[in-house]
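Visitor: Pasting final.csv below, which is CSV, C-alpha atoms.
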chain,number,residue,atom,x,y,z
F,1,MET,CA,-1.6,22.0,13.9
F,2,SER,CA,2.1,22.4,15.0
F,3,ARG,CA,4.8,19.8,15.2
F,4,LEU,CA,5.3,18.1,18.6
F,5,ASP,CA,8.6,18.6,20.3
F,6,GLU,CA,10.8,15.7,21.5
F,7,ALA,CA,9.3,15.5,24.9
F,8,ALA,CA,5.7,15.6,23.6
F,9,VAL,CA,6.4,12.9,21.0
F,10,SER,CA,7.9,10.7,23.7
F,11,ALA,CA,4.9,11.2,26.0
F,12,ALA,CA,2.5,10.6,23.1
F,13,LEU,CA,4.3,7.4,22.1
F,14,ARG,CA,3.9,6.0,25.5
F,15,ARG,CA,0.1,6.4,25.2
F,16,THR,CA,0.1,4.8,21.7
F,17,PRO,CA,1.1,1.2,22.2
F,18,GLY,CA,2.1,-0.9,19.2
F,19,TRP,CA,3.4,2.0,17.2
F,20,GLU,CA,7.0,2.9,16.6
F,21,ARG,CA,8.7,6.1,15.6
F,22,GLY,CA,10.9,5.9,12.5
F,23,GLY,CA,12.3,9.3,11.5
F,24,GLY,CA,9.5,11.8,11.4
F,25,GLU,CA,6.9,9.0,11.0
F,26,LEU,CA,4.8,6.8,13.2
F,27,ARG,CA,4.8,3.3,11.9
F,28,ARG,CA,3.1,0.0,12.5
F,29,THR,CA,2.9,-3.3,10.7
F,30,TYR,CA,-0.2,-5.5,10.9
F,31,ARG,CA,-0.3,-9.2,9.8
F,32,PHE,CA,-3.5,-11.0,8.8
F,33,ARG,CA,-4.5,-14.5,7.8
F,34,ASP,CA,-4.7,-13.6,4.1
F,35,PHE,CA,-5.0,-10.9,1.5
F,36,ARG,CA,-8.7,-10.6,1.9
F,37,GLU,CA,-8.4,-9.8,5.6
F,38,ALA,CA,-5.6,-7.4,5.0
F,39,LEU,CA,-7.8,-5.5,2.4
F,40,ALA,CA,-10.7,-5.4,4.8
F,41,PHE,CA,-8.4,-3.8,7.4
F,42,VAL,CA,-7.2,-1.2,4.8
F,43,ASN,CA,-10.8,-0.3,4.1
F,44,ARG,CA,-11.5,0.2,7.8
F,45,VAL,CA,-8.4,2.4,8.0
F,46,GLY,CA,-9.6,4.3,4.9
F,47,GLY,CA,-12.9,5.1,6.6
F,48,LEU,CA,-11.1,6.4,9.7
F,49,ALA,CA,-8.7,8.4,7.6
F,50,GLU,CA,-11.5,10.0,5.6
F,51,ALA,CA,-13.3,10.8,8.8
F,52,ALA,CA,-10.1,12.4,10.3
F,53,GLY,CA,-9.2,14.2,7.0
F,54,HIS,CA,-5.7,12.6,7.6
F,55,HIS,CA,-4.3,9.7,5.6
F,56,PRO,CA,-1.5,7.3,6.4
F,57,ASP,CA,0.7,5.8,3.7
F,58,ILE,CA,-0.4,2.2,3.3
F,59,ASP,CA,1.7,-0.6,2.1
F,60,ILE,CA,0.0,-4.0,1.4
F,61,CYS,CA,2.2,-7.1,0.8
F,62,TYR,CA,-0.3,-10.0,0.6
F,63,ASN,CA,-1.3,-10.5,4.3
F,64,THR,CA,0.9,-7.7,5.7
F,65,VAL,CA,-0.1,-4.1,6.0
F,66,THR,CA,2.3,-1.3,7.0
F,67,LEU,CA,1.0,2.1,7.9
F,68,ALA,CA,3.1,5.3,8.2
F,69,LEU,CA,1.7,8.5,9.6
F,70,THR,CA,3.1,12.0,9.5
F,71,THR,CA,1.8,15.5,9.1
F,72,HIS,CA,3.6,16.8,6.0
F,73,ASP,CA,2.3,20.4,6.5
F,74,ALA,CA,3.9,20.5,9.9
F,75,GLY,CA,7.1,18.7,8.9
F,76,GLY,CA,6.8,16.0,11.5
F,77,LEU,CA,4.5,14.4,14.0
F,78,THR,CA,1.5,16.2,15.4
F,79,THR,CA,-1.4,15.2,17.7
F,80,LYS,CA,-3.4,14.3,14.5
F,81,ASP,CA,-1.0,11.4,13.8
F,82,PHE,CA,-1.3,10.0,17.3
F,83,GLU,CA,-5.1,10.4,17.4
F,84,LEU,CA,-5.5,8.5,14.1
F,85,ALA,CA,-3.0,5.9,15.3
F,86,ARG,CA,-5.1,5.3,18.4
F,87,ALA,CA,-8.3,5.3,16.4
F,88,ILE,CA,-6.9,2.5,14.2
F,89,GLY,CA,-5.7,0.6,17.3
F,90,ASP,CA,-5.3,-3.2,16.9
G,1,MET,CA,4.9,-21.5,-13.9
G,2,SER,CA,8.6,-20.8,-15.0
G,3,ARG,CA,10.4,-17.6,-15.1
G,4,LEU,CA,10.4,-15.8,-18.5
G,5,ASP,CA,13.8,-15.3,-20.2
G,6,GLU,CA,15.0,-11.9,-21.3
G,7,ALA,CA,13.6,-12.2,-24.8
G,8,ALA,CA,10.2,-13.3,-23.5
G,9,VAL,CA,10.1,-10.5,-20.9
G,10,SER,CA,10.9,-7.9,-23.6
G,11,ALA,CA,8.2,-9.3,-25.9
G,12,ALA,CA,5.6,-9.4,-23.1
G,13,LEU,CA,6.5,-5.8,-22.0
G,14,ARG,CA,5.7,-4.6,-25.5
G,15,ARG,CA,2.2,-6.1,-25.1
G,16,THR,CA,1.7,-4.5,-21.7
G,17,PRO,CA,1.6,-0.8,-22.2
G,18,GLY,CA,1.9,1.5,-19.2
G,19,TRP,CA,4.0,-1.0,-17.1
G,20,GLU,CA,7.7,-0.7,-16.5
G,21,ARG,CA,10.2,-3.3,-15.5
G,22,GLY,CA,12.2,-2.6,-12.4
G,23,GLY,CA,14.6,-5.4,-11.4
G,24,GLY,CA,12.6,-8.6,-11.3
G,25,GLU,CA,9.3,-6.6,-10.9
G,26,LEU,CA,6.7,-5.2,-13.2
G,27,ARG,CA,5.6,-1.7,-11.8
G,28,ARG,CA,3.0,0.9,-12.5
G,29,THR,CA,1.9,4.0,-10.7
G,30,TYR,CA,-1.7,5.3,-10.9
G,31,ARG,CA,-2.9,8.7,-9.9
G,32,PHE,CA,-6.4,9.5,-8.9
G,33,ARG,CA,-8.5,12.6,-7.9
G,34,ASP,CA,-8.4,11.7,-4.2
G,35,PHE,CA,-7.9,9.0,-1.6
G,36,ARG,CA,-11.4,7.7,-2.0
G,37,GLU,CA,-10.9,7.0,-5.7
G,38,ALA,CA,-7.5,5.5,-5.0
G,39,LEU,CA,-9.0,3.1,-2.5
G,40,ALA,CA,-11.8,2.1,-4.9
G,41,PHE,CA,-9.1,1.2,-7.5
G,42,VAL,CA,-7.2,-0.9,-4.9
G,43,ASN,CA,-10.4,-2.8,-4.2
G,44,ARG,CA,-10.9,-3.5,-7.9
G,45,VAL,CA,-7.3,-4.7,-8.1
G,46,GLY,CA,-7.9,-6.8,-5.0
G,47,GLY,CA,-10.8,-8.6,-6.7
G,48,LEU,CA,-8.7,-9.3,-9.8
G,49,ALA,CA,-5.8,-10.5,-7.6
G,50,GLU,CA,-8.1,-12.9,-5.7
G,51,ALA,CA,-9.6,-14.2,-8.9
G,52,ALA,CA,-6.0,-14.7,-10.3
G,53,GLY,CA,-4.6,-16.2,-7.1
G,54,HIS,CA,-1.8,-13.7,-7.6
G,55,HIS,CA,-1.2,-10.5,-5.6
G,56,PRO,CA,0.7,-7.4,-6.4
G,57,ASP,CA,2.4,-5.4,-3.7
G,58,ILE,CA,0.2,-2.3,-3.3
G,59,ASP,CA,1.5,1.1,-2.0
G,60,ILE,CA,-1.1,3.8,-1.4
G,61,CYS,CA,0.0,7.4,-0.8
G,62,TYR,CA,-3.2,9.5,-0.6
G,63,ASN,CA,-4.2,9.7,-4.3
G,64,THR,CA,-1.3,7.7,-5.7
G,65,VAL,CA,-1.2,3.9,-6.0
G,66,THR,CA,1.9,2.0,-7.0
G,67,LEU,CA,1.6,-1.7,-7.9
G,68,ALA,CA,4.5,-4.1,-8.1
G,69,LEU,CA,4.2,-7.6,-9.6
G,70,THR,CA,6.5,-10.5,-9.5
G,71,THR,CA,6.3,-14.3,-9.1
G,72,HIS,CA,8.3,-15.1,-5.9
G,73,ASP,CA,8.1,-18.9,-6.4
G,74,ALA,CA,9.7,-18.5,-9.9
G,75,GLY,CA,12.3,-15.9,-8.8
G,76,GLY,CA,11.2,-13.4,-11.4
G,77,LEU,CA,8.6,-12.5,-13.9
G,78,THR,CA,6.2,-15.0,-15.4
G,79,THR,CA,3.2,-14.9,-17.7
G,80,LYS,CA,1.0,-14.7,-14.5
G,81,ASP,CA,2.5,-11.2,-13.8
G,82,PHE,CA,1.8,-10.0,-17.3
G,83,GLU,CA,-1.7,-11.4,-17.4
G,84,LEU,CA,-2.6,-9.7,-14.1
G,85,ALA,CA,-1.0,-6.4,-15.3
G,86,ARG,CA,-3.1,-6.5,-18.5
G,87,ALA,CA,-6.3,-7.4,-16.5
G,88,ILE,CA,-5.7,-4.4,-14.3
G,89,GLY,CA,-5.1,-2.2,-17.3
G,90,ASP,CA,-5.8,1.6,-17.0
Turn the structure described in the file into structure tokens.

Guide:
Amino acid sequence: MSRLDEAAVSAALRRTPGWERGGGELRRTYRFRDFREALAFVNRVGGLAEAAGHHPDIDICYNTVTLALTTHDAGGLTTKDFELARAIGD
Amino acid sequence: MSRLDEAAVSAALRRTPGWERGGGELRRTYRFRDFREALAFVNRVGGLAEAAGHHPDIDICYNTVTLALTTHDAGGLTTKDFELARAIGD
């Protein structure tokens, strides 16, 4: 799994609506009605992450969850990050 | 629920081993064997938080979970933070 170059990252971003690039990471913030719904979402993301063998950093602040994806082994963004971002969706 | 003064915070910290003060927050980092165990811990913390009506910020980085407690309404640490910290324990 090799790091995507600039052109490939830009193309992949266009096919991954809702996600933003921040440094070498793909980031998205989700807001829910309350903590319970936020935690249910985190568990859904956890299932997808385990299935993919790839894990976002997850930050929970009451009803707000921020996910950050990168591929540490590759030193940046790979197709693995974009695939998991699309699987997580809305 | 009013903010604890310096002396009360110091006394409460001594009765809350494993937790550190950082600014107006009480913080602790937990490490687990893998993501699955980290997520199970987060769900346990979530149950305690819902029961207490008080929610830590939760940061999950694969097998590492960092919790940060503060009482926003009081502008700092209150007994609510220390009680939840002790309930979470090890």

Visitor: Tell me which protein, DNA and RNA residues are within 6 Å of range 29-39 of chain F, counting only C-alpha atoms, leaving out same-chain ones fewer than 3 positions away, and put them as a ChimeraX atom specification.

Guide: /F:42,62-66

Visitor: Could you list the residues in chain F lying within 8 Å of chain G, using all atoms listed in the file, and format the result as a PyMOL selection string?

Guide: chain F and resi 36+39+43+46+50+55-62

Visitor: With C-alpha atoms kept, could you save the residues just selected as a PDB file, in the frame of the given file?

Guide:
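Output file result_10.pdb is given in full below:
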ATOM      1  CA  ARG F  36      -8.700 -10.600   1.900  1.00  0.00           C
ATOM      2  CA  LEU F  39      -7.800  -5.500   2.400  1.00  0.00           C
ATOM      3  CA  ASN F  43     -10.800  -0.300   4.100  1.00  0.00           C
ATOM      4  CA  GLY F  46      -9.600   4.300   4.900  1.00  0.00           C
ATOM      5  CA  GLU F  50     -11.500  10.000   5.600  1.00  0.00           C
ATOM      6  CA  HIS F  55      -4.300   9.700   5.600  1.00  0.00           C
ATOM      7  CA  PRO F  56      -1.500   7.300   6.400  1.00  0.00           C
ATOM      8  CA  ASP F  57       0.700   5.800   3.700  1.00  0.00           C
ATOM      9  CA  ILE F  58      -0.400   2.200   3.300  1.00  0.00           C
ATOM     10  CA  ASP F  59       1.700  -0.600   2.100  1.00  0.00           C
ATOM     11  CA  ILE F  60       0.000  -4.000   1.400  1.00  0.00           C
ATOM     12  CA  CYS F  61       2.200  -7.100   0.800  1.00  0.00           C
ATOM     13  CA  TYR F  62      -0.300 -10.000   0.600  1.00  0.00           C
TER      14      TYR F  62
END

Visitor: Find the residues with any atom within 9 Å of (3.1, -11.0, -11.1); use only C-alpha atoms and the coordinates as given in the file, and write the answer as a PyMOL selection string.

Guide: chain G and resi 25-26+54-56+68-72+76-85

Visitor: Could you please determine the separation between CA of Arg27 in chain G and CA of Ile88 in chain F in Å, to one decimal place?

Guide: 29.2 Å

Visitor: As an exercise, work out the distance from CA of Arg21 in chain F to CA of Arg28 in chain G in Å and give it to one decimal place.

Guide: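 Separating CA of Arg21 in chain F from CA of Arg28 in chain G is a distance of 29.1 Å.
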
Visitor: Enter the distance from CA of Gly53 in chain G to CA of Asp90 in chain F, in Å, rounded to one decimal.

Guide: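 Calculated distance between CA of Gly53 in chain G and CA of Asp90 in chain F is 27.3 Å.
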
Visitor: Go through G:Phe41, G:Ala51, G:Asp73, G:Arg86 one by one, measure the shortest atom-to-atom distance of each to Ala12 in chain G using all atoms listed in the file, and give the residue with the smallest value.

Guide: G:Arg86
